[in-house]
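File shown: data-v3.cif. Contents: mmCIF, C-alpha atoms.
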data_entry
loop_
_atom_site.group_PDB
_atom_site.id
_atom_site.type_symbol
_atom_site.label_atom_id
_atom_site.label_comp_id
_atom_site.auth_asym_id
_atom_site.auth_seq_id
_atom_site.Cartn_x
_atom_site.Cartn_y
_atom_site.Cartn_z
ATOM 1 C CA MET A 1 -30.475 65.255 14.277
ATOM 2 C CA LYS A 2 -26.722 65.632 13.730
ATOM 3 C CA ALA A 3 -27.222 69.325 13.023
ATOM 4 C CA LEU A 4 -29.141 69.776 16.291
ATOM 5 C CA VAL A 5 -26.457 67.967 18.268
ATOM 6 C CA ARG A 6 -23.746 70.060 16.626
ATOM 7 C CA MET A 7 -25.646 73.245 17.479
ATOM 8 C CA GLY A 8 -26.072 72.080 21.074
ATOM 9 C CA LEU A 9 -22.357 71.454 21.439
ATOM 10 C CA ARG A 10 -21.525 74.857 20.008
ATOM 11 C CA LYS A 11 -23.926 76.479 22.461
ATOM 12 C CA ALA A 12 -22.424 74.597 25.418
ATOM 13 C CA VAL A 13 -18.919 75.633 24.426
ATOM 14 C CA ALA A 14 -20.034 79.243 24.015
ATOM 15 C CA ASP A 15 -21.707 79.220 27.433
ATOM 16 C CA GLU A 16 -18.603 77.721 28.997
ATOM 17 C CA ARG A 17 -16.404 80.424 27.490
ATOM 18 C CA ARG A 18 -18.651 83.109 28.969
ATOM 19 C CA LEU A 19 -18.219 81.694 32.493
ATOM 20 C CA PRO A 20 -15.790 83.627 34.692
ATOM 21 C CA ILE A 21 -12.451 81.828 35.035
ATOM 22 C CA ARG A 22 -11.084 81.816 38.550
ATOM 23 C CA GLN A 23 -7.380 82.591 38.710
ATOM 24 C CA GLN A 24 -5.251 79.915 40.308
ATOM 25 C CA SER A 25 -3.979 80.855 43.765
ATOM 26 C CA THR A 26 -0.613 79.286 42.985
ATOM 27 C CA LYS A 27 0.360 82.080 40.610
ATOM 28 C CA ILE A 28 1.803 85.432 41.582
ATOM 29 C CA ARG A 29 1.599 87.936 38.738
ATOM 30 C CA CYS A 30 3.254 91.267 38.182
ATOM 31 C CA PRO A 31 1.129 94.416 38.304
ATOM 32 C CA ASN A 32 1.313 94.754 34.509
ATOM 33 C CA ARG A 33 -0.374 91.318 34.142
ATOM 34 C CA GLU A 34 1.885 90.185 31.342
ATOM 35 C CA PRO A 35 1.947 86.376 30.897
ATOM 36 C CA ARG A 36 5.720 86.322 30.596
ATOM 37 C CA CYS A 37 6.025 87.742 34.133
ATOM 38 C CA CYS A 38 4.035 84.932 35.710
ATOM 39 C CA LEU A 39 5.705 83.235 38.696
ATOM 40 C CA ARG A 40 4.453 79.918 39.993
ATOM 41 C CA ALA A 41 4.956 80.050 43.755
ATOM 42 C CA SER A 42 2.933 77.224 45.251
ATOM 43 C CA ILE A 43 4.510 77.137 48.701
ATOM 44 C CA PRO A 44 3.683 74.130 50.915
ATOM 45 C CA LEU A 45 3.598 76.226 54.082
ATOM 46 C CA SER A 46 0.782 77.502 56.233
ATOM 47 C CA ASN A 47 -0.380 81.098 56.530
ATOM 48 C CA HIS A 48 0.851 81.083 60.123
ATOM 49 C CA THR A 49 4.471 80.941 58.923
ATOM 50 C CA LEU A 50 3.876 83.729 56.409
ATOM 51 C CA ILE A 51 2.217 85.946 59.023
ATOM 52 C CA ARG A 52 4.967 85.313 61.577
ATOM 53 C CA LEU A 53 7.710 86.206 59.103
ATOM 54 C CA ALA A 54 5.794 89.297 57.971
ATOM 55 C CA GLU A 55 5.514 90.426 61.598
ATOM 56 C CA LEU A 56 9.257 90.059 62.091
ATOM 57 C CA ILE A 57 9.955 92.078 58.948
ATOM 58 C CA ARG A 58 7.428 94.746 59.945
ATOM 59 C CA THR A 59 9.048 95.070 63.373
ATOM 60 C CA ARG A 60 12.466 95.420 61.765
ATOM 61 C CA HIS A 61 11.183 98.153 59.454
ATOM 62 C CA ALA A 62 9.716 100.011 62.422
ATOM 63 C CA GLU A 63 13.026 99.816 64.293
ATOM 64 C CA ARG A 64 14.868 101.216 61.286
ATOM 65 C CA ARG A 65 12.113 103.770 60.649
ATOM 66 C CA SER A 66 11.872 102.717 57.039
ATOM 67 C CA LEU A 67 9.344 105.057 55.429
ATOM 68 C CA TRP A 68 8.805 103.312 52.095
ATOM 69 C CA ARG A 69 9.566 99.958 50.508
ATOM 70 C CA LYS A 70 8.850 98.591 47.080
ATOM 71 C CA LEU A 71 7.078 95.609 48.710
ATOM 72 C CA ASP A 72 5.155 95.574 51.962
ATOM 73 C CA PRO A 73 6.215 93.117 54.717
ATOM 74 C CA ALA A 74 3.688 90.481 53.637
ATOM 75 C CA GLN A 75 4.911 90.504 50.021
ATOM 76 C CA GLN A 76 8.533 90.468 51.139
ATOM 77 C CA ALA A 77 7.804 87.477 53.378
ATOM 78 C CA LEU A 78 6.173 85.687 50.453
ATOM 79 C CA LEU A 79 9.185 86.457 48.264
ATOM 80 C CA VAL A 80 11.561 85.048 50.897
ATOM 81 C CA LEU A 81 9.520 81.861 51.365
ATOM 82 C CA ALA A 82 9.364 81.347 47.597
ATOM 83 C CA HIS A 83 13.156 81.533 47.481
ATOM 84 C CA LEU A 84 13.831 79.286 50.477
ATOM 85 C CA CYS A 85 11.123 76.692 50.003
ATOM 86 C CA ASN A 86 10.852 76.573 46.206
ATOM 87 C CA GLY A 87 14.412 77.542 45.361
ATOM 88 C CA ASP A 88 13.298 80.248 42.925
ATOM 89 C CA THR A 89 16.176 82.292 41.555
ATOM 90 C CA TYR A 90 16.506 86.035 42.102
ATOM 91 C CA ALA A 91 15.745 86.699 38.441
ATOM 92 C CA ARG A 92 12.529 84.699 38.674
ATOM 93 C CA LEU A 93 11.534 86.444 41.894
ATOM 94 C CA ALA A 94 12.301 89.835 40.392
ATOM 95 C CA ALA A 95 10.068 89.107 37.413
ATOM 96 C CA GLY A 96 7.219 87.793 39.545
ATOM 97 C CA PHE A 97 7.201 90.594 42.113
ATOM 98 C CA ALA A 98 8.080 93.427 39.694
ATOM 99 C CA VAL A 99 11.271 94.422 41.517
ATOM 100 C CA GLY A 100 14.916 94.530 40.553
ATOM 101 C CA THR A 101 17.192 91.534 40.951
ATOM 102 C CA THR A 102 19.331 93.408 43.457
ATOM 103 C CA THR A 103 16.235 94.354 45.424
ATOM 104 C CA ALA A 104 15.095 90.719 45.565
ATOM 105 C CA TRP A 105 18.565 89.661 46.758
ATOM 106 C CA ARG A 106 18.533 92.393 49.421
ATOM 107 C CA TYR A 107 15.062 91.413 50.660
ATOM 108 C CA VAL A 108 16.065 87.760 50.984
ATOM 109 C CA ARG A 109 19.323 88.534 52.740
ATOM 110 C CA GLU A 110 17.603 90.848 55.212
ATOM 111 C CA ALA A 111 14.962 88.256 56.157
ATOM 112 C CA VAL A 112 17.464 85.381 56.354
ATOM 113 C CA ASP A 113 19.728 87.313 58.721
ATOM 114 C CA LEU A 114 16.718 88.290 60.798
ATOM 115 C CA LEU A 115 15.596 84.660 61.152
ATOM 116 C CA ALA A 116 19.091 83.294 61.748
ATOM 117 C CA ALA A 117 19.506 85.612 64.730
ATOM 118 C CA LEU A 118 16.538 83.869 66.395
ATOM 119 C CA ALA A 119 18.026 80.358 66.234
ATOM 120 C CA ASP A 120 19.170 78.641 69.431
ATOM 121 C CA ASP A 121 22.754 77.699 70.135
ATOM 122 C CA ALA A 122 23.873 74.164 71.009
ATOM 123 C CA HIS A 123 23.376 74.530 74.771
ATOM 124 C CA ALA A 124 19.855 75.947 74.435
ATOM 125 C CA ALA A 125 18.913 73.175 72.006
ATOM 126 C CA VAL A 126 20.298 70.474 74.306
ATOM 127 C CA ALA A 127 18.392 71.979 77.226
ATOM 128 C CA ARG A 128 15.181 71.427 75.252
ATOM 129 C CA ALA A 129 16.333 67.967 74.138
ATOM 130 C CA ALA A 130 16.940 66.970 77.774
ATOM 131 C CA ARG A 131 13.167 66.657 78.172
ATOM 132 C CA LEU A 132 13.101 63.916 75.521
ATOM 133 C CA VAL A 133 13.613 60.198 76.087
ATOM 134 C CA TYR A 134 16.485 60.179 73.613
ATOM 135 C CA THR A 135 17.734 62.062 70.588
ATOM 136 C CA ILE A 136 19.201 61.092 67.223
ATOM 137 C CA LEU A 137 22.379 62.681 65.883
ATOM 138 C CA ASP A 138 23.173 62.694 62.179
ATOM 139 C CA GLY A 139 25.089 64.708 59.628
ATOM 140 C CA ALA A 140 23.936 66.138 56.311
ATOM 141 C CA LEU A 141 25.937 67.437 53.363
ATOM 142 C CA ILE A 142 24.613 70.517 51.577
ATOM 143 C CA PRO A 143 26.022 70.598 48.024
ATOM 144 C CA ILE A 144 27.688 73.774 46.781
ATOM 145 C CA ASP A 145 28.867 74.977 43.389
ATOM 146 C CA ARG A 146 32.076 76.674 44.548
ATOM 147 C CA LEU A 147 34.999 74.494 43.441
ATOM 148 C CA ALA A 148 37.846 77.003 43.417
ATOM 149 C CA ASP A 149 39.087 75.842 46.801
ATOM 150 C CA LYS A 150 38.427 72.120 46.492
ATOM 151 C CA ARG A 151 40.114 70.450 49.423
ATOM 152 C CA PRO A 152 38.277 72.027 52.375
ATOM 153 C CA TYR A 153 34.834 71.417 50.841
ATOM 154 C CA CYS A 154 35.297 67.992 49.241
ATOM 155 C CA SER A 155 33.570 65.247 51.226
ATOM 156 C CA GLY A 156 35.283 61.882 50.887
ATOM 157 C CA LYS A 157 32.157 60.099 52.093
ATOM 158 C CA HIS A 158 29.764 61.665 49.589
ATOM 159 C CA LYS A 159 32.331 62.201 46.791
ATOM 160 C CA ARG A 160 31.170 65.768 46.201
ATOM 161 C CA HIS A 161 31.694 69.312 47.434
ATOM 162 C CA GLY A 162 29.477 70.692 50.151
ATOM 163 C CA MET A 163 28.977 71.931 53.700
ATOM 164 C CA ASN A 164 28.658 69.620 56.715
ATOM 165 C CA VAL A 165 25.681 70.316 59.012
ATOM 166 C CA GLN A 166 25.006 68.357 62.210
ATOM 167 C CA LEU A 167 21.332 67.642 62.919
ATOM 168 C CA LEU A 168 19.573 66.683 66.126
ATOM 169 C CA ALA A 169 16.197 64.911 65.905
ATOM 170 C CA ASP A 170 13.623 63.776 68.450
ATOM 171 C CA PRO A 171 12.212 60.193 68.712
ATOM 172 C CA MET A 172 9.527 61.104 66.149
ATOM 173 C CA GLY A 173 12.091 62.203 63.564
ATOM 174 C CA ARG A 174 11.308 65.905 63.856
ATOM 175 C CA LEU A 175 14.101 68.413 63.476
ATOM 176 C CA VAL A 176 15.235 69.807 66.833
ATOM 177 C CA TRP A 177 18.410 71.693 65.989
ATOM 178 C CA ALA A 178 20.890 72.275 63.171
ATOM 179 C CA SER A 179 24.494 73.286 63.735
ATOM 180 C CA HIS A 180 26.677 75.795 61.962
ATOM 181 C CA ALA A 181 27.811 74.723 58.522
ATOM 182 C CA LEU A 182 31.385 73.441 58.325
ATOM 183 C CA PRO A 183 33.419 72.502 55.223
ATOM 184 C CA GLY A 184 32.458 69.124 53.797
ATOM 185 C CA ALA A 185 35.915 67.658 54.379
ATOM 186 C CA VAL A 186 35.327 67.770 58.152
ATOM 187 C CA HIS A 187 34.407 64.362 59.585
ATOM 188 C CA ASP A 188 31.057 64.001 61.355
ATOM 189 C CA VAL A 189 32.465 63.316 64.809
ATOM 190 C CA THR A 190 34.931 66.184 64.424
ATOM 191 C CA ALA A 191 32.156 68.526 63.318
ATOM 192 C CA ALA A 192 30.008 67.506 66.298
ATOM 193 C CA ARG A 193 32.912 68.276 68.626
ATOM 194 C CA LYS A 194 33.653 71.626 67.005
ATOM 195 C CA VAL A 195 30.111 72.906 67.419
ATOM 196 C CA GLY A 196 30.114 71.740 71.054
ATOM 197 C CA LEU A 197 27.270 69.286 70.568
ATOM 198 C CA ILE A 198 28.913 66.201 72.086
ATOM 199 C CA ASP A 199 29.994 68.026 75.240
ATOM 200 C CA ALA A 200 26.560 69.614 75.650
ATOM 201 C CA LEU A 201 24.747 66.285 75.232
ATOM 202 C CA THR A 202 27.090 64.583 77.697
ATOM 203 C CA SER A 203 26.757 67.351 80.278
ATOM 204 C CA ALA A 204 22.960 67.203 80.084
ATOM 205 C CA ASP A 205 23.036 63.362 80.183
ATOM 206 C CA VAL A 206 20.960 63.057 76.996
ATOM 207 C CA LYS A 207 21.071 59.589 75.485
ATOM 208 C CA THR A 208 21.855 59.995 71.790
ATOM 209 C CA PHE A 209 21.918 57.444 68.974
ATOM 210 C CA ALA A 210 24.336 57.984 66.077
ATOM 211 C CA ASP A 211 25.816 56.010 63.195
ATOM 212 C CA LYS A 212 29.307 54.548 62.833
ATOM 213 C CA GLY A 213 30.683 57.909 61.770
ATOM 214 C CA TYR A 214 30.612 58.958 65.427
ATOM 215 C CA GLN A 215 32.748 56.085 66.743
ATOM 216 C CA GLY A 216 34.903 57.270 69.621
ATOM 217 C CA ALA A 217 32.676 60.229 70.516
ATOM 218 C CA GLY A 218 32.191 58.865 74.032
ATOM 219 C CA GLY A 219 29.885 60.356 76.611
ATOM 220 C CA THR A 220 26.216 59.582 76.048
ATOM 221 C CA ILE A 221 26.625 58.972 72.303
ATOM 222 C CA ARG A 222 25.580 55.421 71.412
ATOM 223 C CA THR A 223 27.007 53.942 68.210
ATOM 224 C CA PRO A 224 26.642 50.440 66.715
ATOM 225 C CA PHE A 225 29.267 47.754 66.994
ATOM 226 C CA LYS A 226 31.832 47.945 64.232
ATOM 227 C CA TRP A 227 33.497 44.988 62.579
ATOM 228 C CA HIS A 228 37.294 44.962 62.317
ATOM 229 C CA ARG A 229 39.199 42.703 59.999
ATOM 230 C CA HIS A 230 41.778 41.856 62.664
ATOM 231 C CA ARG A 231 39.112 40.806 65.158
ATOM 232 C CA PRO A 232 36.548 38.011 65.207
ATOM 233 C CA GLY A 233 33.200 38.669 63.568
ATOM 234 C CA LEU A 234 30.296 40.173 65.440
ATOM 235 C CA SER A 235 28.402 37.874 67.738
ATOM 236 C CA ARG A 236 24.710 37.208 67.382
ATOM 237 C CA GLY A 237 23.918 39.526 70.275
ATOM 238 C CA GLN A 238 25.951 42.329 68.726
ATOM 239 C CA ARG A 239 24.165 41.907 65.420
ATOM 240 C CA ASP A 240 20.808 42.096 67.220
ATOM 241 C CA VAL A 241 21.938 45.281 68.958
ATOM 242 C CA ASN A 242 23.030 46.798 65.628
ATOM 243 C CA ARG A 243 19.696 45.878 64.062
ATOM 244 C CA ALA A 244 17.719 47.541 66.852
ATOM 245 C CA HIS A 245 20.053 50.538 66.752
ATOM 246 C CA ALA A 246 19.519 50.919 63.000
ATOM 247 C CA CYS A 247 15.733 50.884 63.451
ATOM 248 C CA ILE A 248 15.978 53.764 65.924
ATOM 249 C CA ARG A 249 18.523 55.744 63.942
ATOM 250 C CA ALA A 250 16.539 55.399 60.706
ATOM 251 C CA ILE A 251 13.897 57.676 62.208
ATOM 252 C CA GLY A 252 16.465 60.471 62.254
ATOM 253 C CA GLU A 253 16.596 60.393 58.456
ATOM 254 C CA ARG A 254 13.260 62.194 58.510
ATOM 255 C CA ALA A 255 14.967 65.235 59.981
ATOM 256 C CA VAL A 256 17.514 65.186 57.152
ATOM 257 C CA ALA A 257 14.693 64.904 54.619
ATOM 258 C CA THR A 258 12.871 67.789 56.319
ATOM 259 C CA LEU A 259 15.899 70.042 56.026
ATOM 260 C CA LYS A 260 16.587 69.104 52.420
ATOM 261 C CA GLY A 261 12.919 69.571 51.583
ATOM 262 C CA TRP A 262 13.697 73.291 51.366
ATOM 263 C CA ASN A 263 14.789 73.477 47.755
ATOM 264 C CA VAL A 264 17.267 76.286 48.253
ATOM 265 C CA LEU A 265 19.525 73.691 49.922
ATOM 266 C CA THR A 266 19.421 71.380 46.908
ATOM 267 C CA ARG A 267 22.563 73.115 45.729
ATOM 268 C CA LEU A 268 23.850 76.368 47.135
ATOM 269 C CA ARG A 269 24.749 78.922 44.485
ATOM 270 C CA CYS A 270 25.956 81.510 46.947
ATOM 271 C CA CYS A 271 29.063 81.915 49.066
ATOM 272 C CA PRO A 272 29.612 78.836 51.278
ATOM 273 C CA HIS A 273 29.866 81.133 54.286
ATOM 274 C CA ARG A 274 26.167 81.975 53.814
ATOM 275 C CA ALA A 275 25.187 78.340 54.395
ATOM 276 C CA THR A 276 25.042 78.803 58.171
ATOM 277 C CA ALA A 277 22.596 81.699 57.968
ATOM 278 C CA LEU A 278 20.388 79.820 55.496
ATOM 279 C CA VAL A 279 20.298 76.661 57.620
ATOM 280 C CA GLN A 280 19.544 78.581 60.819
ATOM 281 C CA ALA A 281 16.784 80.574 59.105
ATOM 282 C CA ILE A 282 15.213 77.412 57.707
ATOM 283 C CA LEU A 283 15.400 75.791 61.142
ATOM 284 C CA VAL A 284 13.434 78.664 62.696
ATOM 285 C CA LEU A 285 10.844 78.596 59.900
ATOM 286 C CA GLN A 286 10.423 74.835 60.232
ATOM 287 C CA LEU A 287 9.859 75.111 63.985
ATOM 288 C CA VAL A 288 7.345 77.907 63.416
ATOM 289 C CA GLU A 289 5.568 75.824 60.775
ATOM 290 C CA GLU A 290 5.254 72.871 63.155
ATOM 291 C CA GLY A 291 4.217 75.060 66.077
ATOM 292 C CA ARG A 292 7.265 74.129 68.166
ATOM 293 C CA TYR A 293 9.079 77.446 68.195
ATOM 294 C CA SER A 294 9.145 78.884 71.696
ATOM 295 C CA GLY A 295 10.987 82.131 70.923
#
Produce structure tokens that represent the structure in this file.
Amino acid sequence: MKALVRMGLRKAVADERRLPIRQQSTKIRCPNREPRCCLRASIPLSNHTLIRLAELIRTRHAERRSLWRKLDPAQQALLVLAHLCNGDTYARLAAGFAVGTTTAWRYVREAVDLLAALADDAHAAVARAARLVYTILDGALIPIDRLADKRPYCSGKHKRHGMNVQLLADPMGRLVWASHALPGAVHDVTAARKVGLIDALTSADVKTFADKGYQGAGGTIRTPFKWHRHRPGLSRGQRDVNRAHACIRAIGERAVATLKGWNVLTRLRCCPHRATALVQAILVLQLVEEGRYSG
């Protein structure tokens, strides 16, 4: 009996080995099919975003009359999304797509600049936000690895070096707009003024909720009551207002999480001046992914 069981197991294993093994769709392999050139690129984005980016790249190639490329527009779009969403390095992308490292860098830079040119400015974003009941304003710090010039990029609030980006969210916590990247040492209210966001929101009469970092912004910016040591403590009504304000403003943290969900922004390893183009490109891709891009 044991011998029969052992023979049955051996037969089952042999039959299983003869079954065709389906290749996982989350792997992109080089043409030479070597295991060491395998690139895991499971991208949590829809095909609609990939097709839209490929169309933009194809249109750009037609305008430049580019006769031949190492990768077609669809593969280049996939390479760019793998870099932005997964944070894959240029060396890893080069190995997975069988191109040179410089070629991978050039493909990413071309697509990022193409997407960044489609982003709205502050006035266009506020014009769309004027149709909302209210908006939520918040700042996000994008870490960088450039420490040669420490003072402009060192954020006293976060105790690290980075770039300050102002975010505008709708009542559902979805990302509406992202500003140009400023050095991390710039205060939130100063950054919002520099990018023209406060003036645009006030002119359009858009009620906006922000945290205590925007005290003194004025206009339609609503901030919580702040306690001062030389003044009496907050009253019960003021504490209730701050509690309700915090519940509304907490929804805006989803927009920050959405932006930082693109792994390339986990820590920028490029020139800090490229942060603006990356943020604007990611903003356009996020709006396309959610079906809210009107451009």
Practice task
Specify as a ChimeraX atom specification each residue included when the PyMOL selection byres ((chain A and resi 52) around 12) is applied to this file.
Solution key: /A:45-51,53-59,73-74,77-78,81,111,115,284-289,291,293,295
Problem - Residues matched by the PyMOL selection byres ((chain A and resi 140) around 12) as a VMD selection string - result: chain A and resid 137 to 139 141 to 143 155 157 to 158 162 to 168 178 to 184 186 to 188 191 to 192 213 252 to 260 265 to 266 279
Selection to disk with C-alpha atoms, as a CSV table (one decimal), in the coordinates of the input:
chain,number,residue,atom,x,y,z
A,137,LEU,CA,22.4,62.7,65.9
A,138,ASP,CA,23.2,62.7,62.2
A,139,GLY,CA,25.1,64.7,59.6
A,141,LEU,CA,25.9,67.4,53.4
A,142,ILE,CA,24.6,70.5,51.6
A,143,PRO,CA,26.0,70.6,48.0
A,155,SER,CA,33.6,65.2,51.2
A,157,LYS,CA,32.2,60.1,52.1
A,158,HIS,CA,29.8,61.7,49.6
A,162,GLY,CA,29.5,70.7,50.2
A,163,MET,CA,29.0,71.9,53.7
A,164,ASN,CA,28.7,69.6,56.7
A,165,VAL,CA,25.7,70.3,59.0
A,166,GLN,CA,25.0,68.4,62.2
A,167,LEU,CA,21.3,67.6,62.9
A,168,LEU,CA,19.6,66.7,66.1
A,178,ALA,CA,20.9,72.3,63.2
A,179,SER,CA,24.5,73.3,63.7
A,180,HIS,CA,26.7,75.8,62.0
A,181,ALA,CA,27.8,74.7,58.5
A,182,LEU,CA,31.4,73.4,58.3
A,183,PRO,CA,33.4,72.5,55.2
A,184,GLY,CA,32.5,69.1,53.8
A,186,VAL,CA,35.3,67.8,58.2
A,187,HIS,CA,34.4,64.4,59.6
A,188,ASP,CA,31.1,64.0,61.4
A,191,ALA,CA,32.2,68.5,63.3
A,192,ALA,CA,30.0,67.5,66.3
A,213,GLY,CA,30.7,57.9,61.8
A,252,GLY,CA,16.5,60.5,62.3
A,253,GLU,CA,16.6,60.4,58.5
A,254,ARG,CA,13.3,62.2,58.5
A,255,ALA,CA,15.0,65.2,60.0
A,256,VAL,CA,17.5,65.2,57.2
A,257,ALA,CA,14.7,64.9,54.6
A,258,THR,CA,12.9,67.8,56.3
A,259,LEU,CA,15.9,70.0,56.0
A,260,LYS,CA,16.6,69.1,52.4
A,265,LEU,CA,19.5,73.7,49.9
A,266,THR,CA,19.4,71.4,46.9
A,279,VAL,CA,20.3,76.7,57.6
Practice task
Could you expand the PyMOL selection byres ((chain A and resi 43) around 7) into the explicit residues it covers here, written as number ranges by chain?
Solution key: A: 41-42, 44-45, 82, 85-86
Problem - Distance query Ala244 in chain A at most 12 Å, only C-alpha atoms, self and fewer than 4 positions along chain excluded, as a ChimeraX atom specification - result: /A:209,223-225,237-240,248-251
Handout entry: Counting all atoms listed in the file, the residue of A:Ala246, A:Ala204, A:Leu197, A:Ala210 that sits nearest Ala127 in chain A
Key =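 Going through A:Ala246, A:Ala204, A:Leu197, A:Ala210 one by one, the smallest distance to Ala127 in chain A is for A:Ala204.
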Problem - Coordinates-based distance that separates CA of Ser294 in chain A from CA of Leu175 in chain A (Å, one decimal) - result: 14.2 Å
Exercise for the section: Would you mind listing what lies within 9 Å of Ala281 in chain A as a VMD selection string, with all atoms listed in the file counted and same-chain residues fewer than 5 positions away left out? Expected result: chain A and resid 111 to 119 276 286
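Between CA of Leu84 in chain A and CA of Val264 in chain A the separation is 5.1 Å.
Atom pair CA of Pro272 in chain A / CA of Ile144 in chain A: separated by 7.0 Å.
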All file atoms of range 73-86 of chain A boxed axis-aligned, 5 Å per side, centre plus edges, as lines of an AutoDock Vina configuration file:
center_x = 8.8
center_y = 84.8
center_z = 50.5
size_x = 20.1
size_y = 26.5
size_z = 18.5
Fill in the blank from the handout: Counting only C-alpha atoms, the residue among A:Arg131, A:Arg236, A:His123, A:Arg229 that lies closest to Thr202 in chain A is A:His123
Fill in the blank from the handout: Closest of A:Leu71, A:Leu79, A:Ala62, A:Ala124 to Trp105 in chain A, counting only C-alpha atoms, is A:Leu79
